[in-house]
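Here is the file target_25.txt (compact mmCIF, C-alpha atoms).
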```txt
# COMPACT_ATOMS: atom_id res chain seq x y z
CA MET A 2 -24.01 17.23 -7.63
CA ASN A 3 -20.92 17.97 -9.74
CA ARG A 4 -18.86 15.01 -10.80
CA LYS A 5 -15.75 14.54 -8.69
CA ARG A 6 -12.33 13.69 -10.06
CA VAL A 7 -10.09 11.02 -8.53
CA LEU A 8 -6.49 10.42 -9.63
CA VAL A 9 -4.58 7.29 -8.56
CA VAL A 10 -0.82 7.86 -8.87
CA GLY A 11 0.93 4.55 -9.50
CA GLY A 12 -2.24 2.94 -10.76
CA THR A 13 -0.55 -0.07 -12.34
CA GLY A 14 0.99 -1.38 -9.10
CA TYR A 15 -0.60 -3.85 -6.70
CA LEU A 16 -2.44 -1.44 -4.44
CA GLY A 17 -3.03 1.04 -7.27
CA GLN A 18 -4.97 -1.50 -9.33
CA HIS A 19 -7.04 -2.58 -6.33
CA ALA A 20 -7.79 1.09 -5.56
CA LEU A 21 -8.95 1.68 -9.15
CA GLN A 22 -11.18 -1.39 -8.86
CA GLY A 23 -12.66 -0.04 -5.62
CA PHE A 24 -13.35 3.42 -7.02
CA SER A 25 -14.83 1.89 -10.19
CA ALA A 26 -17.30 -0.10 -8.09
CA ILE A 27 -18.70 3.11 -6.50
CA LYS A 28 -18.19 5.29 -9.57
CA GLU A 29 -21.81 5.71 -10.63
CA HIS A 30 -23.57 6.40 -7.34
CA THR A 31 -20.87 8.88 -6.31
CA GLN A 32 -20.49 10.51 -9.76
CA LEU A 33 -16.73 10.02 -10.15
CA ASP A 34 -14.36 10.55 -13.04
CA LEU A 35 -11.31 8.33 -12.66
CA ALA A 36 -7.75 8.63 -13.93
CA PHE A 37 -4.44 7.01 -13.09
CA THR A 38 -0.74 7.54 -13.73
CA HIS A 39 1.75 4.95 -14.88
CA PHE A 40 5.49 5.00 -15.44
CA SER A 41 5.67 1.97 -17.72
CA ASN A 42 4.62 2.91 -21.22
CA PRO A 43 2.12 1.84 -22.45
CA PRO A 44 -0.04 0.86 -19.43
CA PRO A 45 -1.20 -2.78 -19.18
CA GLN A 46 -3.84 -3.56 -21.79
CA ALA A 47 -5.69 -5.87 -19.39
CA LEU A 48 -6.26 -2.94 -17.03
CA LEU A 49 -7.52 -0.68 -19.84
CA ASP A 50 -9.82 -3.44 -21.11
CA ALA A 51 -11.30 -4.05 -17.65
CA PHE A 52 -11.93 -0.33 -17.03
CA PRO A 53 -12.43 1.39 -20.40
CA HIS A 54 -13.69 4.54 -18.66
CA LEU A 55 -10.29 5.22 -17.08
CA LEU A 56 -7.98 7.96 -18.32
CA ALA A 57 -4.28 6.98 -18.29
CA PHE A 58 -1.37 9.42 -18.03
CA ASN A 59 2.34 8.71 -18.29
CA VAL A 60 4.10 10.53 -15.43
CA ASP A 61 7.69 10.53 -14.19
CA LEU A 62 7.59 11.35 -10.47
CA ARG A 63 11.30 12.13 -10.40
CA THR A 64 10.88 15.11 -12.75
CA GLY A 65 7.13 15.79 -12.70
CA HIS A 66 7.00 15.31 -16.46
CA GLY A 67 3.42 14.42 -17.43
CA PHE A 68 1.51 16.31 -14.76
CA GLN A 69 0.75 19.20 -17.13
CA ALA A 70 -1.11 16.80 -19.43
CA ILE A 71 -3.37 15.89 -16.49
CA SER A 72 -4.05 19.57 -15.81
CA ASP A 73 -4.94 20.13 -19.46
CA SER A 74 -7.29 17.19 -20.04
CA PHE A 75 -8.51 16.12 -16.58
CA GLY A 76 -8.24 19.20 -14.40
CA GLN A 77 -7.76 19.57 -10.67
CA PRO A 78 -8.48 16.26 -8.91
CA ASP A 79 -10.70 16.31 -5.81
CA VAL A 80 -8.77 13.31 -4.48
CA VAL A 81 -5.26 12.07 -5.28
CA VAL A 82 -4.23 8.63 -4.01
CA ASN A 83 -0.46 8.22 -4.15
CA CYS A 84 0.45 4.54 -4.40
CA ALA A 85 3.71 5.07 -6.32
CA ALA A 86 7.01 4.04 -4.75
CA LEU A 87 10.42 2.59 -5.42
CA SER A 88 9.68 -0.29 -3.12
CA VAL A 89 12.46 -2.86 -3.45
CA PRO A 90 14.47 -2.29 -0.25
CA ARG A 91 17.75 -3.56 -1.73
CA ALA A 92 17.40 -1.17 -4.70
CA CYS A 93 16.87 1.69 -2.25
CA GLU A 94 20.01 0.75 -0.31
CA VAL A 95 22.06 0.75 -3.52
CA ASP A 96 20.64 4.03 -4.87
CA PRO A 97 19.39 6.32 -2.06
CA PRO A 98 19.07 9.45 -4.30
CA THR A 99 16.65 7.69 -6.65
CA ALA A 100 14.72 6.26 -3.70
CA MET A 101 14.31 9.76 -2.28
CA SER A 102 13.37 11.33 -5.63
CA VAL A 103 10.58 8.79 -6.20
CA ASN A 104 9.35 8.13 -2.66
CA VAL A 105 9.29 11.77 -1.53
CA PRO A 106 6.45 13.12 -3.74
CA SER A 107 7.90 16.60 -4.24
CA SER A 108 6.88 16.88 -7.91
CA LEU A 109 3.34 15.70 -7.08
CA VAL A 110 2.94 18.18 -4.23
CA LYS A 111 4.40 21.00 -6.34
CA TRP A 112 1.86 20.20 -9.08
CA LEU A 113 -1.02 20.16 -6.60
CA SER A 114 0.08 23.56 -5.28
CA SER A 115 -0.63 25.02 -8.73
CA PHE A 116 -4.36 24.48 -8.21
CA GLU A 117 -6.94 26.14 -6.00
CA ALA A 118 -5.77 25.93 -2.39
CA ASN A 119 -7.27 23.11 -0.28
CA GLY A 120 -9.28 21.82 -3.23
CA THR A 121 -7.59 18.41 -3.27
CA LEU A 122 -7.24 15.71 -0.62
CA LEU A 123 -3.91 13.86 -0.90
CA ILE A 124 -4.04 10.27 0.40
CA HIS A 125 -0.44 9.06 0.64
CA LEU A 126 0.45 5.40 1.17
CA SER A 127 3.49 5.17 3.44
CA THR A 128 3.74 1.40 3.03
CA ASP A 129 5.53 -1.53 1.44
CA GLN A 130 2.48 -2.41 -0.63
CA ASP A 131 4.61 -3.47 -3.60
CA CYS A 132 7.36 -5.18 -1.64
CA ASP A 133 8.11 -8.83 -2.13
CA HIS A 134 7.15 -11.35 0.54
CA SER A 135 10.06 -10.27 2.74
CA GLY A 136 8.19 -7.09 3.71
CA ILE A 137 11.30 -5.32 4.93
CA LEU A 138 10.00 -1.76 5.27
CA SER A 139 9.25 0.01 8.47
CA VAL A 140 9.14 3.58 9.60
CA TYR A 141 9.30 2.14 13.11
CA GLU A 142 12.48 0.85 14.76
CA GLY A 143 10.98 -2.53 15.63
CA VAL A 144 12.02 -2.90 19.28
CA LYS A 145 8.53 -3.27 20.79
CA SER A 146 5.01 -4.35 19.81
CA PHE A 147 1.88 -2.53 18.60
CA TYR A 148 3.29 0.84 17.62
CA LYS A 149 0.97 3.87 17.76
CA GLU A 150 1.06 6.67 15.19
CA GLU A 151 2.66 9.09 17.66
CA ASP A 152 5.54 6.72 18.55
CA GLU A 153 8.93 7.92 17.37
CA ALA A 154 9.76 6.85 13.82
CA LEU A 155 13.27 5.40 13.61
CA PRO A 156 13.56 3.53 10.30
CA VAL A 157 16.48 1.12 9.97
CA ASN A 158 16.93 1.19 6.17
CA VAL A 159 16.94 3.66 3.26
CA TYR A 160 13.43 2.71 2.12
CA GLY A 161 11.98 3.43 5.56
CA LYS A 162 13.97 6.67 5.75
CA SER A 163 12.59 7.76 2.36
CA LYS A 164 9.03 7.11 3.56
CA ILE A 165 9.56 9.18 6.72
CA ALA A 166 11.07 11.96 4.59
CA ALA A 167 7.91 11.79 2.46
CA GLU A 168 5.64 12.07 5.50
CA LYS A 169 7.62 15.09 6.75
CA PHE A 170 7.51 16.74 3.32
CA ILE A 171 3.76 16.27 2.98
CA SER A 172 2.98 17.52 6.49
CA GLU A 173 5.09 20.66 5.87
CA ASN A 174 3.81 21.41 2.36
CA CYS A 175 0.20 20.19 2.28
CA SER A 176 -2.78 21.39 4.26
CA ASN A 177 -5.22 18.59 3.37
CA PHE A 178 -3.84 15.06 3.56
CA ALA A 179 -4.11 11.56 5.03
CA ILE A 180 -0.99 9.43 5.38
CA LEU A 181 -1.61 5.69 5.70
CA ARG A 182 1.09 3.49 7.25
CA SER A 183 1.03 -0.24 6.73
CA SER A 184 3.34 -3.23 6.69
CA ILE A 185 2.47 -6.23 4.52
CA ILE A 186 -0.54 -5.82 2.25
CA PHE A 187 -1.86 -9.15 0.94
CA GLY A 188 -4.81 -10.38 -1.06
CA PRO A 189 -5.91 -11.47 -4.53
CA GLN A 190 -3.80 -10.96 -7.62
CA THR A 191 -4.58 -7.85 -9.69
CA ILE A 192 -6.43 -7.64 -13.01
CA SER A 193 -3.11 -7.12 -14.77
CA PRO A 194 -0.84 -9.42 -12.71
CA VAL A 195 2.05 -7.67 -11.02
CA PRO A 196 5.51 -9.16 -11.61
CA LYS A 197 6.55 -9.29 -7.95
CA SER A 198 5.59 -12.33 -5.90
CA LEU A 199 2.64 -11.83 -3.54
CA PRO A 200 3.16 -13.12 0.02
CA ILE A 201 0.30 -15.60 0.42
CA GLN A 202 0.51 -16.83 -3.16
CA TRP A 203 4.25 -17.36 -2.77
CA MET A 204 3.80 -19.37 0.43
CA ASP A 205 1.02 -21.39 -1.18
CA GLY A 206 3.24 -22.12 -4.17
CA VAL A 207 6.29 -23.38 -2.28
CA LEU A 208 4.31 -25.38 0.30
CA SER A 209 2.20 -27.04 -2.41
CA LYS A 210 5.39 -28.41 -3.99
CA GLY A 211 6.53 -30.01 -0.73
CA ILE A 212 9.67 -27.88 -0.62
CA THR A 213 11.26 -27.22 2.77
CA VAL A 214 11.49 -23.44 3.20
CA ASP A 215 12.95 -21.23 5.96
CA PHE A 216 10.49 -18.91 7.69
CA PHE A 217 11.40 -16.44 10.44
CA HIS A 218 9.92 -17.04 13.88
CA ASP A 219 11.18 -13.73 15.30
CA GLU A 220 9.90 -11.08 12.85
CA PHE A 221 6.39 -9.83 13.54
CA ARG A 222 4.00 -7.88 11.33
CA CYS A 223 0.29 -7.03 11.18
CA PRO A 224 -0.56 -8.07 7.60
CA VAL A 225 -3.62 -6.28 6.25
CA TYR A 226 -6.04 -7.54 3.60
CA VAL A 227 -5.83 -5.31 0.52
CA LYS A 228 -9.56 -4.66 0.36
CA ASP A 229 -9.45 -3.22 3.89
CA VAL A 230 -6.81 -0.75 2.72
CA VAL A 231 -9.03 0.14 -0.24
CA SER A 232 -12.01 0.56 2.10
CA THR A 233 -9.93 3.03 4.12
CA ILE A 234 -9.03 4.99 0.98
CA LEU A 235 -12.69 5.06 -0.13
CA ALA A 236 -13.92 6.11 3.32
CA LEU A 237 -11.45 9.02 3.47
CA SER A 238 -12.37 10.09 -0.08
CA GLU A 239 -16.09 9.99 0.62
CA LYS A 240 -15.58 11.89 3.89
CA TRP A 241 -13.75 14.70 2.07
CA ILE A 242 -16.19 14.80 -0.85
CA SER A 243 -19.31 14.85 1.35
CA GLU A 244 -18.11 17.05 4.25
CA GLY A 245 -15.45 19.24 2.60
CA LYS A 246 -13.52 19.50 5.86
CA LYS A 247 -9.73 19.61 5.60
CA MET A 248 -7.84 16.83 7.38
CA ARG A 249 -4.29 16.26 8.55
CA LEU A 250 -4.35 12.57 9.39
CA LEU A 251 -1.73 9.91 10.09
CA LEU A 252 -3.23 6.43 10.39
CA ASN A 253 -1.83 2.96 10.98
CA VAL A 254 -3.62 0.63 8.58
CA GLY A 255 -2.71 -2.88 9.66
CA GLY A 256 -4.56 -6.08 10.30
CA PRO A 257 -5.76 -7.02 13.80
CA ASP A 258 -3.33 -9.94 14.21
CA ARG A 259 0.38 -9.82 15.09
CA VAL A 260 1.99 -12.78 13.31
CA SER A 261 5.45 -14.11 12.53
CA ARG A 262 6.50 -15.48 9.15
CA VAL A 263 6.19 -18.99 10.58
CA GLN A 264 2.62 -18.30 11.73
CA MET A 265 1.77 -16.88 8.31
CA ALA A 266 3.02 -20.03 6.57
CA GLU A 267 1.27 -22.26 9.10
CA MET A 268 -2.02 -20.49 8.37
CA VAL A 269 -1.65 -21.19 4.65
CA ALA A 270 -0.78 -24.83 5.41
CA ASP A 271 -3.79 -25.15 7.75
CA LEU A 272 -6.25 -23.84 5.18
CA ARG A 273 -4.76 -25.83 2.30
CA GLY A 274 -4.08 -29.02 4.25
CA TYR A 275 -0.35 -28.98 3.55
CA ASN A 276 2.28 -30.81 5.61
CA LYS A 277 3.67 -28.32 8.13
CA SER A 278 6.96 -30.21 8.40
CA PHE A 279 8.08 -28.29 5.29
CA ILE A 280 7.94 -25.05 7.32
CA LYS A 281 11.41 -24.64 8.84
CA SER A 282 11.49 -22.15 11.70
CA VAL A 283 14.66 -20.03 11.70
CA SER A 284 15.85 -16.74 13.19
CA ALA A 285 15.89 -13.66 10.97
CA SER A 286 19.50 -13.10 12.05
CA SER A 287 20.48 -16.32 10.27
CA VAL A 288 19.88 -14.80 6.81
CA ASP A 289 21.72 -11.86 5.22
CA ARG A 290 19.17 -10.06 3.04
CA GLY A 291 21.52 -7.18 2.23
CA VAL A 292 19.33 -4.73 4.15
CA LYS A 293 18.41 -4.29 7.81
CA SER A 294 14.95 -5.39 8.84
CA PRO A 295 13.14 -4.46 12.08
CA ALA A 296 12.07 -7.36 14.30
CA ASP A 297 8.61 -6.22 15.39
CA ILE A 298 6.59 -3.57 13.57
CA SER A 299 3.15 -4.66 14.70
CA MET A 300 0.66 -1.80 14.79
CA ASP A 301 -2.00 -0.40 17.07
CA ILE A 302 -5.00 0.37 14.81
CA THR A 303 -7.28 1.91 17.45
CA LYS A 304 -7.19 5.28 15.70
CA LEU A 305 -8.29 3.73 12.38
CA VAL A 306 -11.26 2.04 14.02
CA GLN A 307 -12.27 5.17 15.96
CA THR A 308 -11.77 7.66 13.09
CA LEU A 309 -13.38 5.77 10.22
CA GLY A 310 -15.23 2.89 11.86
CA ILE A 311 -13.19 0.39 9.82
CA SER A 312 -12.22 -2.91 11.46
CA PRO A 313 -9.90 -4.93 9.22
CA ILE A 314 -10.66 -8.65 8.93
CA SER A 315 -8.55 -11.28 10.68
CA PHE A 316 -5.45 -12.67 9.05
CA ARG A 317 -7.10 -16.09 8.78
CA ASP A 318 -10.16 -14.70 6.98
CA GLY A 319 -7.96 -12.66 4.64
CA VAL A 320 -5.86 -15.69 3.77
CA ARG A 321 -8.99 -17.75 3.17
CA LEU A 322 -10.36 -15.12 0.77
CA THR A 323 -6.99 -14.83 -0.99
CA LEU A 324 -6.69 -18.58 -1.53
CA ALA A 325 -10.32 -18.76 -2.70
CA SER A 326 -9.60 -16.10 -5.33
CA GLU A 327 -6.62 -18.11 -6.60
CA THR A 328 -8.77 -21.23 -6.93
CA LYS A 329 -11.28 -19.33 -9.10
CA GLN A 330 -8.65 -18.07 -11.53
```
So, in terms of structure tokens, how does the structure I just supplied come out?
Amino acid sequence: MNRKRVLVVGGTGYLGQHALQGFSAIKEHTQLDLAFTHFSNPPPQALLDAFPHLLAFNVDLRTGHGFQAISDSFGQPDVVVNCAALSVPRACEVDPPTAMSVNVPSSLVKWLSSFEANGTLLIHLSTDQDCDHSGILSVYEGVKSFYKEEDEALPVNVYGKSKIAAEKFISENCSNFAILRSSIIFGPQTISPVPKSLPIQWMDGVLSKGITVDFFHDEFRCPVYVKDVVSTILALSEKWISEGKKMRLLLNVGGPDRVSRVQMAEMVADLRGYNKSFIKSVSASSVDRGVKSPADISMDITKLVQTLGISPISFRDGVRLTLASETKQ
């Protein structure tokens, strides 16, 4: 079997690093060559030290500068996983043109069109995987519970609008793709720690200090454990590599539990044995975050389970694994 090439775009971010770790773990028995793109120059040394077999390419998604170097030294990828995004909602509100130029992967899709038709599967993450613990993104309006993929997308902020524009662009210009929608992705810290605060680690940190903190009781999400997102990416990649059948998929990739911010904090307190009196329950409307946030973007993940046979672990189990990983560090 010929070796297959996998490119992770945005490989230095939170999900990107976890995806590289996942592909590296299956690299030998699936005969993979791995590469990733980064915008920061140079890429983190810790990441290069952990995975010396990786090829790193500096790429600017706004202009497409750097893609030609990949063509020249790596070739046409069999799978491209796009984890790159301008993912700070407030920054998107302030600068919508930049948000659109980064989050709508026009330069990436244009580059892929230069290769043999249908030879590459594009897996696009339509998520807030690199958001801070506020998790403000949604492509959904947030006026009901357990949204299905076919429900109308009515984003309430620029970031969400840029992600919907990206989905539309991909569906109109690609013939072989899988778009993964998520809300809050949580889990262990990455090999090269990301600068943004991670949701569970942040809650653990403030509650451990005995600081009273406001948590919203009326914003609901379906947080998903990062390794379940990676399992989804790997399953789609292996399906394409083994079967060679084109796909046009849109999948919700959330956890099985619909929880509020208060419930998230209470779970951390339960597992750590912290005093819950430091968790102050407040309404989301009481805080001005400078950007609109939908109230309920919980997800129906039936299609994910039926299509790939993946059942994400419970929020409690994910938090337990996350806290255990912090203890080991």
Rank A:Gly188, A:Ile124, A:Phe40, A:Met268 by their smallest atom-to-atom distance to Thr233 (chain A), using only C-alpha atoms, and report the top residue only. A:Ile124
Distance of CA of Ser286 (chain A) from CA of Lys164 (chain A), expressed in Å to one decimal place: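 One can read the CA of Lys164 (chain A) to CA of Ser286 (chain A) distance as 24.3 Å.
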Long-range neighbours of region 172-184 of chain A as an MDAnalysis selection string, 8 Å cut-off, all atoms listed in the file, 4 positions minimum in chain: chainID A and resid 110 119 121:130 136 138:139 168 222:225 237 247:255 298
Take the residues that were just selected and, keeping C-alpha atoms, output them as a PDB file, in the coordinates of the input.
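Below is the file again.pdb, written as the result:
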```pdb
ATOM      1  CA  VAL A 110       2.940  18.180  -4.230  1.00  0.00           C
ATOM      2  CA  ASN A 119      -7.270  23.110  -0.280  1.00  0.00           C
ATOM      3  CA  THR A 121      -7.590  18.410  -3.270  1.00  0.00           C
ATOM      4  CA  LEU A 122      -7.240  15.710  -0.620  1.00  0.00           C
ATOM      5  CA  LEU A 123      -3.910  13.860  -0.900  1.00  0.00           C
ATOM      6  CA  ILE A 124      -4.040  10.270   0.400  1.00  0.00           C
ATOM      7  CA  HIS A 125      -0.440   9.060   0.640  1.00  0.00           C
ATOM      8  CA  LEU A 126       0.450   5.400   1.170  1.00  0.00           C
ATOM      9  CA  SER A 127       3.490   5.170   3.440  1.00  0.00           C
ATOM     10  CA  THR A 128       3.740   1.400   3.030  1.00  0.00           C
ATOM     11  CA  ASP A 129       5.530  -1.530   1.440  1.00  0.00           C
ATOM     12  CA  GLN A 130       2.480  -2.410  -0.630  1.00  0.00           C
ATOM     13  CA  GLY A 136       8.190  -7.090   3.710  1.00  0.00           C
ATOM     14  CA  LEU A 138      10.000  -1.760   5.270  1.00  0.00           C
ATOM     15  CA  SER A 139       9.250   0.010   8.470  1.00  0.00           C
ATOM     16  CA  GLU A 168       5.640  12.070   5.500  1.00  0.00           C
ATOM     17  CA  ARG A 222       4.000  -7.880  11.330  1.00  0.00           C
ATOM     18  CA  CYS A 223       0.290  -7.030  11.180  1.00  0.00           C
ATOM     19  CA  PRO A 224      -0.560  -8.070   7.600  1.00  0.00           C
ATOM     20  CA  VAL A 225      -3.620  -6.280   6.250  1.00  0.00           C
ATOM     21  CA  LEU A 237     -11.450   9.020   3.470  1.00  0.00           C
ATOM     22  CA  LYS A 247      -9.730  19.610   5.600  1.00  0.00           C
ATOM     23  CA  MET A 248      -7.840  16.830   7.380  1.00  0.00           C
ATOM     24  CA  ARG A 249      -4.290  16.260   8.550  1.00  0.00           C
ATOM     25  CA  LEU A 250      -4.350  12.570   9.390  1.00  0.00           C
ATOM     26  CA  LEU A 251      -1.730   9.910  10.090  1.00  0.00           C
ATOM     27  CA  LEU A 252      -3.230   6.430  10.390  1.00  0.00           C
ATOM     28  CA  ASN A 253      -1.830   2.960  10.980  1.00  0.00           C
ATOM     29  CA  VAL A 254      -3.620   0.630   8.580  1.00  0.00           C
ATOM     30  CA  GLY A 255      -2.710  -2.880   9.660  1.00  0.00           C
ATOM     31  CA  ILE A 298       6.590  -3.570  13.570  1.00  0.00           C
TER      32      ILE A 298
END
```
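With distances taken over all atoms listed in the file, A:Asn104 is the one residue among A:Gln190, A:Asn104, A:Ser284, A:Thr213 lying closest to Gly161 (chain A).
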Counting only C-alpha atoms, which residue out of A:Val80, A:Leu208, A:Ala36, A:Ala166 sits closest to Thr13 (chain A)? A:Ala36
Pick out the residues sitting within 12 Å of Gly206 (chain A), and hand them over as a PyMOL selection string; count all atoms listed in the file, and ignore anything fewer than 6 positions along from it in its own chain. chain A and resi 198-200+212-214+266+269-270+273+275+324+327
Dump C-alpha atoms for the selected residues as a PDB file, in the frame of the given file?
```
ATOM      1  CA  SER A 198       5.590 -12.330  -5.900  1.00  0.00           C
ATOM      2  CA  LEU A 199       2.640 -11.830  -3.540  1.00  0.00           C
ATOM      3  CA  PRO A 200       3.160 -13.120   0.020  1.00  0.00           C
ATOM      4  CA  ILE A 212       9.670 -27.880  -0.620  1.00  0.00           C
ATOM      5  CA  THR A 213      11.260 -27.220   2.770  1.00  0.00           C
ATOM      6  CA  VAL A 214      11.490 -23.440   3.200  1.00  0.00           C
ATOM      7  CA  ALA A 266       3.020 -20.030   6.570  1.00  0.00           C
ATOM      8  CA  VAL A 269      -1.650 -21.190   4.650  1.00  0.00           C
ATOM      9  CA  ALA A 270      -0.780 -24.830   5.410  1.00  0.00           C
ATOM     10  CA  ARG A 273      -4.760 -25.830   2.300  1.00  0.00           C
ATOM     11  CA  TYR A 275      -0.350 -28.980   3.550  1.00  0.00           C
ATOM     12  CA  LEU A 324      -6.690 -18.580  -1.530  1.00  0.00           C
ATOM     13  CA  GLU A 327      -6.620 -18.110  -6.600  1.00  0.00           C
TER      14      GLU A 327
END
```
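Here CA of Pro78 (chain A) stands at a distance of 5.5 Å from CA of Val7 (chain A).
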Would you compute the box with edges along x, y and z of the file around region 307-312 of chain A, including every atom the file lists for it and 8 Å extra on each side, and give its centre and edge lengths in Å to one decimal, as lines of an AutoDock Vina configuration file?
```
center_x = -13.5
center_y = 2.4
center_z = 12.9
size_x = 19.5
size_y = 26.6
size_z = 22.1
```
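In this structure, CA of Phe316 (chain A) sits 23.2 Å away from CA of Gly211 (chain A).
Each of A:Pro44, A:Gly67, A:Gly17, A:Gly11 was checked against Ala86 (chain A) using only C-alpha atoms; the smallest atom-to-atom distance is that of A:Gly11.
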Between A:Lys228, A:Arg262, A:Lys149, A:His218, which one has atoms that come closest to Ile201 (chain A), using all atoms listed in the file?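 Ranking A:Lys228, A:Arg262, A:Lys149, A:His218 by distance to Ile201 (chain A), first place goes to A:Arg262.
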What's the 12 Å shell around Thr38 (chain A), counting only C-alpha atoms, without same-chain residues fewer than 6 positions away, as a ChimeraX atom specification? /A:7-14,17-18,21,44-45,55-62,65-68,70-71,75,81-85,109
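For the set A:Ser107, A:Leu272, A:Ser326, A:Ser41, the residue with the smallest atom-to-atom gap to Ala167 (chain A) is A:Ser107, counting all atoms listed in the file.
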So which residues touch Ile302 (chain A) within 10 Å, counting all atoms listed in the file, skipping near sequence neighbours fewer than 2 positions away, as a PDB file with C-alpha atoms, in the frame of the given file?
```
ATOM      1  CA  PHE A 147       1.880  -2.530  18.600  1.00  0.00           C
ATOM      2  CA  TYR A 148       3.290   0.840  17.620  1.00  0.00           C
ATOM      3  CA  LYS A 149       0.970   3.870  17.760  1.00  0.00           C
ATOM      4  CA  GLU A 150       1.060   6.670  15.190  1.00  0.00           C
ATOM      5  CA  CYS A 223       0.290  -7.030  11.180  1.00  0.00           C
ATOM      6  CA  LEU A 252      -3.230   6.430  10.390  1.00  0.00           C
ATOM      7  CA  ASN A 253      -1.830   2.960  10.980  1.00  0.00           C
ATOM      8  CA  VAL A 254      -3.620   0.630   8.580  1.00  0.00           C
ATOM      9  CA  GLY A 255      -2.710  -2.880   9.660  1.00  0.00           C
ATOM     10  CA  GLY A 256      -4.560  -6.080  10.300  1.00  0.00           C
ATOM     11  CA  PRO A 257      -5.760  -7.020  13.800  1.00  0.00           C
ATOM     12  CA  SER A 299       3.150  -4.660  14.700  1.00  0.00           C
ATOM     13  CA  MET A 300       0.660  -1.800  14.790  1.00  0.00           C
ATOM     14  CA  LYS A 304      -7.190   5.280  15.700  1.00  0.00           C
ATOM     15  CA  LEU A 305      -8.290   3.730  12.380  1.00  0.00           C
ATOM     16  CA  VAL A 306     -11.260   2.040  14.020  1.00  0.00           C
ATOM     17  CA  GLN A 307     -12.270   5.170  15.960  1.00  0.00           C
ATOM     18  CA  ILE A 311     -13.190   0.390   9.820  1.00  0.00           C
ATOM     19  CA  SER A 312     -12.220  -2.910  11.460  1.00  0.00           C
ATOM     20  CA  PRO A 313      -9.900  -4.930   9.220  1.00  0.00           C
TER      21      PRO A 313
END
```
Atoms are missing here; could region 203-214 of chain A be completed with N, CA, C and O atoms and written as a PDB file, in the frame of the given file?
```pdb
ATOM      1  N   TRP A 203       2.915 -16.777  -2.784  1.00  0.00           N
ATOM      2  CA  TRP A 203       4.250 -17.360  -2.770  1.00  0.00           C
ATOM      3  C   TRP A 203       4.326 -18.518  -1.768  1.00  0.00           C
ATOM      4  O   TRP A 203       4.836 -19.596  -2.088  1.00  0.00           O
ATOM      5  N   MET A 204       3.805 -18.294  -0.576  1.00  0.00           N
ATOM      6  CA  MET A 204       3.800 -19.370   0.430  1.00  0.00           C
ATOM      7  C   MET A 204       3.010 -20.578  -0.057  1.00  0.00           C
ATOM      8  O   MET A 204       3.432 -21.727   0.105  1.00  0.00           O
ATOM      9  N   ASP A 205       1.868 -20.323  -0.652  1.00  0.00           N
ATOM     10  CA  ASP A 205       1.020 -21.390  -1.180  1.00  0.00           C
ATOM     11  C   ASP A 205       1.790 -22.190  -2.239  1.00  0.00           C
ATOM     12  O   ASP A 205       1.755 -23.434  -2.260  1.00  0.00           O
ATOM     13  N   GLY A 206       2.511 -21.465  -3.091  1.00  0.00           N
ATOM     14  CA  GLY A 206       3.240 -22.120  -4.170  1.00  0.00           C
ATOM     15  C   GLY A 206       4.349 -23.038  -3.671  1.00  0.00           C
ATOM     16  O   GLY A 206       4.460 -24.189  -4.118  1.00  0.00           O
ATOM     17  N   VAL A 207       5.164 -22.555  -2.740  1.00  0.00           N
ATOM     18  CA  VAL A 207       6.290 -23.380  -2.280  1.00  0.00           C
ATOM     19  C   VAL A 207       5.807 -24.545  -1.407  1.00  0.00           C
ATOM     20  O   VAL A 207       6.327 -25.662  -1.507  1.00  0.00           O
ATOM     21  N   LEU A 208       4.802 -24.311  -0.576  1.00  0.00           N
ATOM     22  CA  LEU A 208       4.310 -25.380   0.300  1.00  0.00           C
ATOM     23  C   LEU A 208       3.576 -26.464  -0.499  1.00  0.00           C
ATOM     24  O   LEU A 208       3.618 -27.638  -0.145  1.00  0.00           O
ATOM     25  N   SER A 209       2.916 -26.062  -1.588  1.00  0.00           N
ATOM     26  CA  SER A 209       2.200 -27.040  -2.410  1.00  0.00           C
ATOM     27  C   SER A 209       3.150 -28.005  -3.108  1.00  0.00           C
ATOM     28  O   SER A 209       2.770 -29.124  -3.467  1.00  0.00           O
ATOM     29  N   LYS A 210       4.396 -27.569  -3.316  1.00  0.00           N
ATOM     30  CA  LYS A 210       5.390 -28.410  -3.990  1.00  0.00           C
ATOM     31  C   LYS A 210       6.132 -29.324  -3.013  1.00  0.00           C
ATOM     32  O   LYS A 210       6.973 -30.126  -3.426  1.00  0.00           O
ATOM     33  N   GLY A 211       5.847 -29.185  -1.712  1.00  0.00           N
ATOM     34  CA  GLY A 211       6.530 -30.010  -0.730  1.00  0.00           C
ATOM     35  C   GLY A 211       7.990 -29.657  -0.570  1.00  0.00           C
ATOM     36  O   GLY A 211       8.834 -30.506  -0.290  1.00  0.00           O
ATOM     37  N   ILE A 212       8.296 -28.359  -0.755  1.00  0.00           N
ATOM     38  CA  ILE A 212       9.670 -27.880  -0.620  1.00  0.00           C
ATOM     39  C   ILE A 212       9.871 -27.347   0.801  1.00  0.00           C
ATOM     40  O   ILE A 212       9.050 -26.586   1.309  1.00  0.00           O
ATOM     41  N   THR A 213      10.960 -27.752   1.448  1.00  0.00           N
ATOM     42  CA  THR A 213      11.260 -27.220   2.770  1.00  0.00           C
ATOM     43  C   THR A 213      11.793 -25.791   2.621  1.00  0.00           C
ATOM     44  O   THR A 213      12.737 -25.546   1.867  1.00  0.00           O
ATOM     45  N   VAL A 214      11.140 -24.854   3.333  1.00  0.00           N
ATOM     46  CA  VAL A 214      11.490 -23.440   3.200  1.00  0.00           C
ATOM     47  C   VAL A 214      11.695 -22.834   4.585  1.00  0.00           C
ATOM     48  O   VAL A 214      10.974 -23.163   5.536  1.00  0.00           O
TER      49      VAL A 214
END
```
